[in-house]
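S.K.: Input structure: entry-v2.cif, which contains mmCIF, C-alpha atoms.
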```
data_work
loop_
_atom_site.label_atom_id
_atom_site.label_comp_id
_atom_site.auth_asym_id
_atom_site.auth_seq_id
_atom_site.Cartn_x
_atom_site.Cartn_y
_atom_site.Cartn_z
CA LEU A 265 -16.47 12.21 6.50
CA ALA A 266 -14.10 11.70 9.42
CA PRO A 267 -15.48 12.83 12.79
CA ARG A 268 -14.33 16.27 13.84
CA ARG A 269 -11.43 16.29 16.32
CA GLU A 270 -13.51 18.08 18.96
CA THR A 271 -16.41 15.60 18.95
CA SER A 272 -16.97 13.27 21.87
CA ALA A 273 -16.64 9.52 21.51
CA ALA A 274 -20.43 9.15 21.50
CA GLU A 275 -20.85 11.82 18.82
CA ALA A 276 -18.12 10.21 16.72
CA ALA A 277 -19.85 6.83 17.02
CA ALA A 278 -23.16 8.39 15.96
CA ASP A 279 -21.47 10.04 12.97
CA ARG A 280 -19.97 6.71 11.94
CA ALA A 281 -23.34 4.95 12.26
CA GLU A 282 -25.01 7.58 10.09
CA ILE A 283 -22.26 7.33 7.48
CA ASP A 284 -22.48 3.55 7.51
CA GLY A 285 -26.23 3.59 7.00
CA LEU A 286 -25.99 6.04 4.10
CA ALA A 287 -23.16 4.02 2.57
CA GLY A 288 -25.21 0.83 2.77
CA ARG A 289 -28.15 2.43 0.92
CA LEU A 290 -25.89 3.88 -1.78
CA LEU A 291 -24.00 0.66 -2.30
CA ALA A 292 -27.19 -1.40 -2.53
CA ASP A 293 -28.49 0.58 -5.50
CA PRO A 294 -27.10 4.00 -6.51
CA GLU A 295 -30.18 5.66 -7.99
CA LEU A 296 -28.74 8.92 -9.30
CA PRO A 297 -28.75 9.09 -13.12
CA GLY A 298 -25.68 8.82 -15.33
CA PRO A 299 -22.32 8.50 -13.63
CA TYR A 300 -23.29 10.32 -10.44
CA GLY A 301 -24.59 7.35 -8.47
CA ALA A 302 -21.43 5.37 -9.11
CA LEU A 303 -19.14 8.32 -8.40
CA ILE A 304 -20.83 8.93 -5.03
CA ALA A 305 -21.13 5.28 -4.01
CA LEU A 306 -17.58 4.18 -4.84
CA PRO A 307 -15.80 6.26 -2.18
CA PHE A 308 -18.15 4.80 0.42
CA ALA A 309 -17.22 1.28 -0.69
CA PHE A 310 -13.55 1.97 -0.04
CA LEU A 311 -14.24 3.99 3.11
CA ARG A 312 -16.10 1.02 4.59
CA ALA A 313 -13.30 -1.32 3.46
CA GLU A 314 -15.78 -3.51 1.58
CA ARG A 315 -14.30 -7.00 1.07
CA THR A 316 -16.31 -7.86 -2.04
CA VAL A 317 -17.05 -5.89 -5.18
CA PRO A 318 -20.46 -4.16 -4.85
CA ALA A 319 -23.08 -5.58 -7.20
CA PHE A 320 -23.63 -2.27 -9.00
CA ILE A 321 -19.97 -2.29 -10.14
CA GLU A 322 -20.40 -5.75 -11.66
CA ARG A 323 -23.49 -4.51 -13.52
CA LEU A 324 -21.56 -1.57 -14.99
CA VAL A 325 -18.57 -3.60 -16.22
CA ASP A 326 -20.39 -4.94 -19.29
CA GLY A 327 -22.83 -2.06 -19.66
CA ASP A 328 -23.38 0.06 -22.76
CA ASP A 329 -21.82 3.20 -21.26
CA VAL A 330 -18.12 2.94 -22.18
CA TRP A 331 -16.97 5.47 -19.58
CA LEU A 332 -18.92 3.84 -16.74
CA SER A 333 -17.54 0.48 -17.83
CA GLY A 334 -14.03 1.94 -17.55
CA LEU A 335 -14.83 3.27 -14.08
CA ALA A 336 -16.20 -0.14 -13.03
CA HIS A 337 -13.10 -1.96 -14.33
CA MET A 338 -10.86 0.54 -12.50
CA SER A 339 -12.78 0.05 -9.27
CA ARG A 340 -12.77 -3.72 -9.59
CA ALA A 341 -9.00 -3.58 -10.17
CA ARG A 342 -8.60 -1.70 -6.88
CA PHE A 343 -10.65 -4.28 -5.01
CA ALA A 344 -8.59 -7.06 -6.57
CA GLU A 345 -5.32 -5.30 -5.71
CA ASN A 346 -6.42 -4.88 -2.08
CA ALA A 347 -7.24 -8.59 -2.03
CA GLY A 348 -3.84 -9.55 -3.45
CA ASP A 349 -5.42 -10.91 -6.64
CA LEU A 350 -3.02 -9.43 -9.17
CA ASP A 351 -4.16 -11.62 -12.07
CA ARG A 352 -7.58 -10.01 -11.82
CA THR A 353 -5.96 -6.62 -11.26
CA ARG A 354 -3.94 -6.87 -14.49
CA THR A 355 -6.99 -7.84 -16.51
CA ASP A 356 -9.15 -5.02 -15.17
CA VAL A 357 -6.38 -2.41 -15.43
CA GLU A 358 -5.93 -3.10 -19.14
CA ALA A 359 -9.69 -3.19 -19.69
CA ALA A 360 -10.12 0.14 -17.87
CA LEU A 361 -7.39 1.78 -19.95
CA THR A 362 -9.04 0.50 -23.13
CA ARG A 363 -12.47 1.83 -22.13
CA PHE A 364 -11.14 5.23 -21.08
CA ARG A 365 -9.21 5.54 -24.36
CA GLN A 366 -12.40 4.74 -26.25
CA ALA A 367 -14.20 7.42 -24.25
CA GLY A 368 -11.36 9.91 -24.79
CA ASP A 369 -11.11 10.44 -21.04
CA HIS A 370 -7.75 11.59 -19.66
CA TRP A 371 -8.85 11.64 -16.03
CA GLY A 372 -9.64 7.93 -16.07
CA ARG A 373 -6.36 6.99 -17.73
CA ALA A 374 -4.44 9.15 -15.22
CA ASN A 375 -6.08 7.21 -12.38
CA VAL A 376 -5.38 3.77 -13.85
CA LEU A 377 -1.80 4.20 -15.11
CA PRO A 378 -0.26 4.36 -11.59
CA MET A 379 -1.84 0.97 -10.90
CA ARG A 380 -0.13 -0.45 -13.98
CA ALA A 381 3.11 1.22 -12.89
CA GLN A 382 2.86 -0.64 -9.57
CA LEU A 383 2.37 -3.94 -11.38
CA ARG A 384 5.41 -3.21 -13.52
CA GLN A 385 7.47 -2.49 -10.42
CA TYR A 386 6.57 -5.92 -9.08
CA ASP A 387 7.60 -7.44 -12.40
CA GLY A 388 10.99 -5.70 -12.37
CA ASP A 389 10.13 -3.34 -15.23
CA LEU A 390 11.17 -0.03 -13.67
CA ASP A 391 11.52 1.67 -17.06
CA GLY A 392 7.92 0.74 -17.88
CA ALA A 393 6.77 2.02 -14.48
CA LEU A 394 8.61 5.29 -15.10
CA ALA A 395 6.93 5.65 -18.50
CA ASP A 396 3.48 5.10 -16.95
CA LEU A 397 4.04 7.72 -14.24
CA ARG A 398 5.36 10.18 -16.82
CA GLU A 399 2.27 9.62 -18.96
CA THR A 400 0.13 10.11 -15.85
CA ARG A 401 1.80 13.46 -15.19
CA SER A 402 1.28 14.52 -18.80
CA LEU A 403 -2.40 13.59 -18.75
CA GLU A 404 -2.95 15.39 -15.44
CA GLY A 405 -1.62 18.56 -17.02
CA GLU A 406 -4.32 18.37 -19.69
CA PHE A 407 -7.44 18.22 -17.51
CA GLY A 408 -6.51 20.74 -14.80
CA SER A 409 -4.97 20.82 -11.35
CA LEU A 410 -5.35 17.89 -8.99
CA SER A 411 -6.38 18.36 -5.40
CA LEU A 412 -3.46 18.84 -3.03
CA SER A 413 -4.17 15.43 -1.48
CA ASP A 414 -3.95 13.77 -4.88
CA GLN A 415 -0.74 15.64 -5.62
CA VAL A 416 0.81 14.41 -2.37
CA PHE A 417 -0.19 10.81 -3.11
CA GLY A 418 1.33 11.28 -6.56
CA HIS A 419 4.60 12.41 -4.99
CA LEU A 420 4.64 9.29 -2.78
CA ARG A 421 4.30 7.08 -5.86
CA TRP A 422 7.26 8.84 -7.46
CA ILE A 423 9.32 8.52 -4.26
CA ASP A 424 8.72 4.77 -4.18
CA LEU A 425 9.83 4.43 -7.80
CA TYR A 426 12.91 6.64 -7.30
CA LEU A 427 14.01 4.55 -4.32
CA ARG A 428 13.59 1.34 -6.27
CA ARG A 429 15.73 2.83 -9.04
CA GLY A 430 18.36 4.00 -6.55
CA ASP A 431 17.68 7.70 -7.29
CA THR A 432 18.09 8.88 -3.69
CA ASP A 433 18.53 12.58 -4.53
CA LEU A 434 15.34 12.66 -6.61
CA ALA A 435 13.47 10.87 -3.81
CA ALA A 436 14.66 13.46 -1.30
CA ALA A 437 13.64 16.35 -3.55
CA THR A 438 10.18 14.85 -4.11
CA LEU A 439 9.76 14.35 -0.36
CA GLY A 440 10.42 18.06 0.01
CA ALA A 441 7.68 18.88 -2.49
CA ALA A 442 5.23 16.56 -0.72
CA ARG A 443 6.07 18.11 2.64
CA GLU A 444 5.41 21.60 1.28
CA GLN A 445 1.97 20.67 -0.03
CA ALA A 446 0.75 18.32 2.71
CA PRO A 447 -0.21 21.00 5.32
CA ARG A 448 -2.50 22.67 2.78
CA ALA A 449 -4.35 19.48 1.85
CA ASN A 450 -7.88 18.92 3.12
CA VAL A 451 -6.88 15.65 4.82
CA PRO A 452 -5.35 16.44 8.24
CA GLU A 453 -3.46 13.12 8.32
CA MET A 454 -1.59 13.86 5.08
CA LEU A 455 1.39 15.44 6.85
CA THR A 456 1.52 12.40 9.14
CA LEU A 457 1.74 10.18 6.08
CA VAL A 458 4.59 12.25 4.65
CA ASP A 459 6.43 12.13 8.00
CA ALA A 460 6.10 8.35 7.99
CA TRP A 461 7.45 8.07 4.46
CA GLU A 462 10.39 10.32 5.24
CA ALA A 463 11.11 8.34 8.41
CA GLN A 464 11.27 5.19 6.28
CA PHE A 465 13.60 6.99 3.89
CA ARG A 466 15.83 8.11 6.80
CA VAL A 467 16.04 4.59 8.22
CA GLY A 468 17.27 3.42 4.83
CA LEU A 469 19.94 6.12 4.85
CA GLY A 470 21.02 5.27 8.40
CA ASP A 471 19.89 8.66 9.72
CA LEU A 472 18.24 7.07 12.75
CA ASP A 473 17.95 10.14 14.98
CA ARG A 474 16.02 12.05 12.32
CA ALA A 475 13.86 8.97 11.65
CA ARG A 476 12.96 8.78 15.36
CA GLU A 477 12.01 12.47 15.44
CA LEU A 478 9.76 12.08 12.42
CA LEU A 479 8.07 8.98 13.81
CA ASP A 480 7.44 10.64 17.18
CA ARG A 481 5.87 13.66 15.48
CA ALA A 482 3.81 11.52 13.10
CA GLU A 483 2.41 9.40 15.92
CA ARG A 484 1.45 12.51 17.90
CA GLY A 485 -0.33 13.93 14.86
CA LEU A 486 -2.49 10.91 14.07
CA PRO A 487 -5.90 10.97 15.82
CA GLY A 488 -7.04 7.66 17.21
CA ASP A 489 -10.34 7.79 15.30
CA ALA A 490 -8.91 8.78 11.92
CA LEU A 491 -10.40 7.01 8.89
CA PHE A 492 -8.51 6.64 5.60
CA PRO A 493 -5.60 7.13 5.43
CA GLY A 494 -5.50 6.72 9.22
CA GLY A 495 -5.44 2.90 9.36
CA HIS A 496 -2.88 2.66 6.59
CA ALA A 497 -0.80 5.35 8.28
CA ARG A 498 -0.85 3.47 11.59
CA ALA A 499 0.30 0.31 9.83
CA LEU A 500 3.07 2.23 8.07
CA LEU A 501 4.19 3.96 11.27
CA GLY A 502 4.39 0.67 13.15
CA ARG A 503 6.32 -0.94 10.32
CA VAL A 504 8.85 1.90 10.12
CA ARG A 505 9.17 1.98 13.92
CA ALA A 506 9.95 -1.75 13.83
CA ALA A 507 12.57 -1.18 11.12
CA LEU A 508 14.14 1.57 13.22
CA ARG A 509 14.28 -0.64 16.31
CA LEU A 510 15.89 -3.38 14.23
CA GLU A 511 18.59 -0.98 13.06
CA LEU A 512 19.22 -0.07 16.70
CA GLY A 513 19.51 -3.74 17.67
CA ASP A 514 16.40 -3.59 19.88
CA LEU A 515 14.66 -6.82 18.86
CA ALA A 516 12.05 -6.66 21.64
CA GLY A 517 11.14 -3.09 20.65
CA ALA A 518 10.98 -4.13 17.00
CA GLU A 519 8.58 -6.94 17.83
CA GLU A 520 6.36 -4.62 19.87
CA ALA A 521 6.18 -2.12 17.00
CA LEU A 522 5.55 -4.89 14.49
CA THR A 523 2.69 -6.21 16.62
CA GLN A 524 1.05 -2.79 16.42
CA ALA A 525 1.68 -2.58 12.69
CA TYR A 526 0.18 -6.01 12.11
CA ALA A 527 -2.96 -5.17 14.10
CA ALA A 528 -3.43 -1.93 12.14
CA ALA A 529 -2.83 -3.69 8.83
CA LEU A 530 -5.27 -6.44 9.76
CA ALA A 531 -7.94 -3.83 10.48
CA THR A 532 -7.55 -2.31 6.99
CA GLY A 533 -8.23 -5.65 5.29
CA ASP A 534 -5.63 -4.59 2.71
CA MET A 535 -3.47 -7.56 1.72
CA PRO A 536 -0.53 -5.53 0.31
CA ILE A 537 -0.36 -3.64 3.62
CA LEU A 538 -0.31 -6.95 5.49
CA SER A 539 2.41 -8.20 3.15
CA MET A 540 4.63 -5.32 4.30
CA ALA A 541 4.18 -6.43 7.91
CA ALA A 542 5.22 -9.94 6.83
CA VAL A 543 8.39 -8.53 5.26
CA ILE A 544 9.34 -6.82 8.53
CA GLY A 545 8.59 -10.11 10.27
CA ALA A 546 11.09 -11.72 7.91
CA ALA A 547 13.63 -9.04 8.83
CA LEU A 548 13.07 -9.75 12.54
CA ALA A 549 13.40 -13.52 11.96
CA THR A 550 16.64 -12.84 10.09
CA ALA A 551 17.92 -10.80 13.03
CA TYR A 552 17.25 -13.83 15.26
CA GLY A 553 19.13 -16.02 12.78
CA ARG A 554 15.94 -17.88 11.83
CA HIS A 555 16.58 -17.76 8.09
CA GLY A 556 14.20 -20.59 7.27
CA GLU A 557 11.33 -18.79 8.98
CA ALA A 558 12.32 -15.58 7.24
CA ALA A 559 12.13 -17.29 3.85
CA VAL A 560 8.67 -18.68 4.63
CA LEU A 561 7.54 -15.18 5.65
CA LEU A 562 8.90 -13.69 2.43
CA GLY A 563 6.89 -16.26 0.51
CA ALA A 564 3.80 -15.49 2.59
CA ALA A 565 4.32 -11.77 1.93
CA SER A 566 4.34 -12.51 -1.80
CA ARG A 567 1.15 -14.55 -1.46
CA LEU A 568 -0.57 -11.65 0.34
CA ARG A 569 0.68 -9.15 -2.24
CA GLY A 570 -0.13 -11.49 -5.12
CA ALA A 571 3.35 -11.41 -6.64
CA TYR A 572 7.03 -11.50 -5.79
CA ASP A 573 8.28 -7.93 -5.54
CA ARG A 574 11.43 -7.98 -7.65
CA THR A 575 12.52 -4.37 -7.09
CA ASP A 576 11.97 -3.73 -3.37
CA ARG A 577 15.43 -3.24 -1.89
CA GLN A 578 14.64 -4.70 1.54
CA ILE A 579 13.11 -7.84 0.06
CA ARG A 580 16.09 -8.30 -2.23
CA ASP A 581 18.52 -7.86 0.67
CA LEU A 582 16.64 -10.31 2.91
CA SER A 583 16.48 -12.83 0.07
CA ARG A 584 20.21 -12.48 -0.57
CA ARG A 585 21.01 -13.00 3.10
CA GLY A 586 18.69 -15.99 3.31
CA ARG A 587 20.24 -17.64 0.28
CA ALA A 588 23.71 -17.08 1.69
CA ALA A 589 22.73 -18.65 5.03
CA LEU A 590 20.62 -21.56 3.79
CA GLY A 591 21.83 -22.25 0.29
CA GLU A 592 19.77 -21.77 -2.86
CA ALA A 593 17.74 -24.98 -2.66
CA ALA A 594 16.77 -24.70 1.01
CA PHE A 595 15.84 -21.02 0.67
CA ASP A 596 13.71 -21.68 -2.41
CA ALA A 597 11.93 -24.58 -0.69
CA ALA A 598 11.12 -22.48 2.39
CA TYR A 599 9.99 -19.54 0.26
CA GLU A 600 7.78 -21.87 -1.76
CA ARG A 601 6.10 -23.10 1.44
CA GLY A 602 5.10 -19.53 2.22
CA TRP A 603 3.99 -18.85 -1.36
CA ARG A 604 1.72 -21.90 -1.41
CA LEU A 605 -0.25 -20.82 1.67
CA ASP A 606 -3.83 -19.75 1.07
CA ARG A 607 -4.67 -16.17 2.00
CA GLU A 608 -6.00 -16.94 5.47
CA ALA A 609 -2.94 -19.03 6.32
CA ALA A 610 -0.62 -16.34 4.95
CA VAL A 611 -2.36 -13.72 7.12
CA ALA A 612 -1.89 -15.95 10.15
CA ALA A 613 1.77 -16.62 9.27
CA ALA A 614 2.44 -12.87 9.27
CA ASP A 615 1.31 -12.56 12.91
CA PRO A 616 4.40 -11.55 14.96
CA ALA A 617 3.11 -13.67 17.85
CA ARG A 618 4.11 -16.73 15.83
CA LEU A 619 7.76 -15.74 15.49
CA THR A 620 10.40 -17.94 17.10
CA ARG A 621 12.18 -15.49 19.38
CA ALA A 622 15.20 -17.52 20.48
CA PRO A 623 18.23 -17.08 18.23
CA ARG A 624 19.58 -20.19 16.57
CA THR A 625 22.72 -21.56 18.19
CA ASP A 626 23.24 -24.42 15.75
CA ARG A 627 24.20 -24.20 12.13
CA PRO A 628 21.48 -22.92 9.76
CA GLU A 629 19.27 -25.63 8.28
CA ARG A 630 20.01 -26.86 4.79
#
```
Render the structure in this file as structure tokens.

M.R.:
Amino acid sequence: LAPRRETSAAEAAADRAEIDGLAGRLLADPELPGPYGALIALPFAFLRAERTVPAFIERLVDGDDVWLSGLAHMSRARFAENAGDLDRTRTDVEAALTRFRQAGDHWGRANVLPMRAQLRQYDGDLDGALADLRETRSLEGEFGSLSLSDQVFGHLRWIDLYLRRGDTDLAAATLGAAREQAPRANVPEMLTLVDAWEAQFRVGLGDLDRARELLDRAERGLPGDALFPGGHARALLGRVRAALRLELGDLAGAEEALTQAYAAALATGDMPILSMAAVIGAALATAYGRHGEAAVLLGAASRLRGAYDRTDRQIRDLSRRGRAALGEAAFDAAYERGWRLDREAAVAAADPARLTRAPRTDRPER
């Protein structure tokens, strides 16, 4: 669906207009019988970054077809996750798993279990997340080979879990597998996504030269008009570039990269992606010695995500540093201010333009 690389800007715009018109008709009322209308319309809903759940999904949730109900619950869970509404996500994830079990469908369960694994990671249950991903892998082996793109995305989920568990060697090996498969996937931006993930991994290891090489290559390989995962990739690249500049002590460069990441994240309309930009904003505030602002941003990141992320190593490190600088009570109060923001205010708080750039010269607030 993405415009071909050799098309002109006018041709690309015409392609997008045609896609948008077709998507609008499909989303209004998918008329194909059985599951086909829903299966065709749903990708368009996510491609267009719809902000609300299409009406046809709501109609299917309580319908008589158990499998379509499972699909509708799964889709509604994804919308809720993108909106940072994890209470709704949890409810629909469990309902989708129940419906797909009733239908005896392994494909559906294999698509929902990684969402539950993500929720368990937020809750601090890494063993439960590991069990869900293992069950996903087992189910995938029963209904045939996944597309290469799906396999690469699966590797990225495993890498995230390995890093949270501190299994650096397993993360590195899985990155290697993803890198081997990415060039053969049908999505040209897939290798760019893998480069970005490895760059993030290298920053964490302190291998900054290699991280810079990967980021430079990834940015060259991402077309300006790329659709999904293009916007998410741009947000990730900006975020990792900001983290790299922070490690190098270049605060101005970090802020410039974060500004680009925030703009890309804002364009996706994906609240968890915006929450990651807020976390880097907290890291930049910490570098300036503005620990109170950093705590507010961590709270705002949790509001955007819909939950405190108990197993992300960067968030845990920033929280530890903030508590050491401010004291437990002051940190918790500042974090709570960010958590209590509504979504629009949390989005605004994550804007790097609002950061206080001057380092503190007095003692941290208490």

S.K.: List the residues selected by the PyMOL selection byres ((chain A and resi 611) around 12) in the file shown, writing them as number ranges by chain.

M.R.: A: 347-348, 526-527, 529-531, 533-542, 545, 561, 563-569, 602-603, 605-610, 612-616, 618

S.K.: Please write the residues picked by the PyMOL selection byres ((chain A and resi 341) around 8) on this file as a PDB file with C-alpha atoms, in the frame of the given file.

M.R.:
```pdb
ATOM      1  CA  HIS A 337     -13.100  -1.960 -14.330  1.00  0.00           C
ATOM      2  CA  MET A 338     -10.860   0.540 -12.500  1.00  0.00           C
ATOM      3  CA  SER A 339     -12.780   0.050  -9.270  1.00  0.00           C
ATOM      4  CA  ARG A 340     -12.770  -3.720  -9.590  1.00  0.00           C
ATOM      5  CA  ARG A 342      -8.600  -1.700  -6.880  1.00  0.00           C
ATOM      6  CA  PHE A 343     -10.650  -4.280  -5.010  1.00  0.00           C
ATOM      7  CA  ALA A 344      -8.590  -7.060  -6.570  1.00  0.00           C
ATOM      8  CA  GLU A 345      -5.320  -5.300  -5.710  1.00  0.00           C
ATOM      9  CA  ARG A 352      -7.580 -10.010 -11.820  1.00  0.00           C
ATOM     10  CA  THR A 353      -5.960  -6.620 -11.260  1.00  0.00           C
ATOM     11  CA  ARG A 354      -3.940  -6.870 -14.490  1.00  0.00           C
ATOM     12  CA  THR A 355      -6.990  -7.840 -16.510  1.00  0.00           C
ATOM     13  CA  ASP A 356      -9.150  -5.020 -15.170  1.00  0.00           C
ATOM     14  CA  VAL A 357      -6.380  -2.410 -15.430  1.00  0.00           C
TER      15      VAL A 357
END
```

S.K.: Suppose you want the space between CA of Gln464 (chain A) and CA of Leu350 (chain A); what is it in Å?

M.R.: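 CA of Gln464 (chain A) sits 25.6 Å away from CA of Leu350 (chain A).
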
S.K.: Evaluate the PyMOL selection byres ((chain A and resi 505) around 8) against this structure - the residues, as a PyMOL selection string, please.

M.R.: chain A and resi 476+479+501-504+506-509+518+521-522

S.K.: Grab the residues selected above and save them as a JSON list (two decimals), keeping the file's coordinate frame with C-alpha atoms.

M.R.:
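Full text of result.json as output:
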```json
[["chain", "number", "residue", "atom", "x", "y", "z"],
["A", 476, "ARG", "CA", 12.96, 8.78, 15.36],
["A", 479, "LEU", "CA", 8.07, 8.98, 13.81],
["A", 501, "LEU", "CA", 4.19, 3.96, 11.27],
["A", 502, "GLY", "CA", 4.39, 0.67, 13.15],
["A", 503, "ARG", "CA", 6.32, -0.94, 10.32],
["A", 504, "VAL", "CA", 8.85, 1.90, 10.12],
["A", 506, "ALA", "CA", 9.95, -1.75, 13.83],
["A", 507, "ALA", "CA", 12.57, -1.18, 11.12],
["A", 508, "LEU", "CA", 14.14, 1.57, 13.22],
["A", 509, "ARG", "CA", 14.28, -0.64, 16.31],
["A", 518, "ALA", "CA", 10.98, -4.13, 17.00],
["A", 521, "ALA", "CA", 6.18, -2.12, 17.00],
["A", 522, "LEU", "CA", 5.55, -4.89, 14.49]]
```

S.K.: Considering only C-alpha atoms, tabulate each residue of region 364-391 of chain A that lies at most 10 Å from region 428-448 of chain A along with its nearest interatomic pair and the corresponding distance in Å to one decimal; arrange the rows by chain and ascending residue number and present them as a tab-separated table.

M.R.:
```
residue	atom	partner	partner_atom	distance
A:Gln385	CA	A:Arg428	CA	8.3
A:Gly388	CA	A:Arg428	CA	9.7
A:Leu390	CA	A:Arg429	CA	7.1
A:Asp391	CA	A:Arg429	CA	9.1
```

S.K.: Is it possible to get the residues within 9 Å of (15.8, -12.6, 10.4) (coordinates as in the file, counting only C-alpha atoms) written as an MDAnalysis selection string?

M.R.: chainID A and resid 544:559 582 585:586

S.K.: Here is a test: counting all atoms listed in the file, which residue of A:Ala359, A:Met379, A:Leu500, A:Leu425 is nearest to Glu462 (chain A)?

M.R.: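 Ranking A:Ala359, A:Met379, A:Leu500, A:Leu425 by distance to Glu462 (chain A), first place goes to A:Leu500.
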
S.K.: What does the distance from CA of Gly495 (chain A) to CA of Leu457 (chain A) come to in Å, to one decimal?

M.R.: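 Separation of CA of Gly495 (chain A) and CA of Leu457 (chain A): 10.7 Å.
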
S.K.: Suppose you want the space between CA of Asp414 (chain A) and CA of Ala449 (chain A); what is it in Å?

M.R.: 8.8 Å

S.K.: For Gln382 (chain A), which residue out of A:Ala367, A:Leu478, A:Val543, A:Ala571 is the nearest one, using all atoms listed in the file?

M.R.: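 Using all atoms listed in the file, Gln382 (chain A) sits closest to A:Ala571.
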
S.K.: Compile the contact shell of Leu472 (chain A) as a ChimeraX atom specification: residues with an atom at most 9 Å away, counting only C-alpha atoms, same-chain residues fewer than 4 positions apart removed.

M.R.: /A:463,466-468,476-477,508,511-512

S.K.: Go ahead and write the residues just picked, C-alpha atoms, as a compact mmCIF listing (two decimals), in the frame of the given file.

M.R.:
```txt
# COMPACT_ATOMS: atom_id res chain seq x y z
CA ALA A 463 11.11 8.34 8.41
CA ARG A 466 15.83 8.11 6.80
CA VAL A 467 16.04 4.59 8.22
CA GLY A 468 17.27 3.42 4.83
CA ARG A 476 12.96 8.78 15.36
CA GLU A 477 12.01 12.47 15.44
CA LEU A 508 14.14 1.57 13.22
CA GLU A 511 18.59 -0.98 13.06
CA LEU A 512 19.22 -0.07 16.70
```

S.K.: So which one's closest to Asp480 (chain A), A:Asp459, A:Thr575, A:Arg323, A:Ala381? Using only C-alpha atoms, please.

M.R.: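 Closest to Asp480 (chain A), using only C-alpha atoms: A:Asp459.
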
S.K.: So which one's closest to Asp326 (chain A), A:Ala360, A:Asn375, A:Ala593, A:Gly405? Using only C-alpha atoms, please.

M.R.: A:Ala360

S.K.: Pick out the closest residue to Arg380 (chain A) from this set: A:Arg421, A:Arg577, A:Arg601, A:Arg587. Count only C-alpha atoms.

M.R.: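 Ranked by minimum distance to Arg380 (chain A), first place goes to A:Arg421.
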
S.K.: Would you give the centre and edge lengths, in Å to one decimal, of a box along x, y and z around the listed atoms of region 399-418 of chain A, with 3 Å added to each side, as JSON?

M.R.:
```
{"center_x": -2.6, "center_y": 15.2, "center_z": -10.6, "size_x": 15.7, "size_y": 17.2, "size_z": 24.2}
```

S.K.: Using all atoms listed in the file, can you tell me which of A:Val416, A:Ala374, A:Leu361, A:Leu427 comes closest to Glu404 (chain A)?

M.R.: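 Counting all atoms listed in the file, the residue closest to Glu404 (chain A) is A:Ala374.
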
S.K.: Tell me which protein, DNA and RNA residues are within 8 Å of Ala528 (chain A), counting all atoms listed in the file, leaving out same-chain ones fewer than 6 positions away, and put them as number ranges by chain.

M.R.: A: 495-496, 498-499
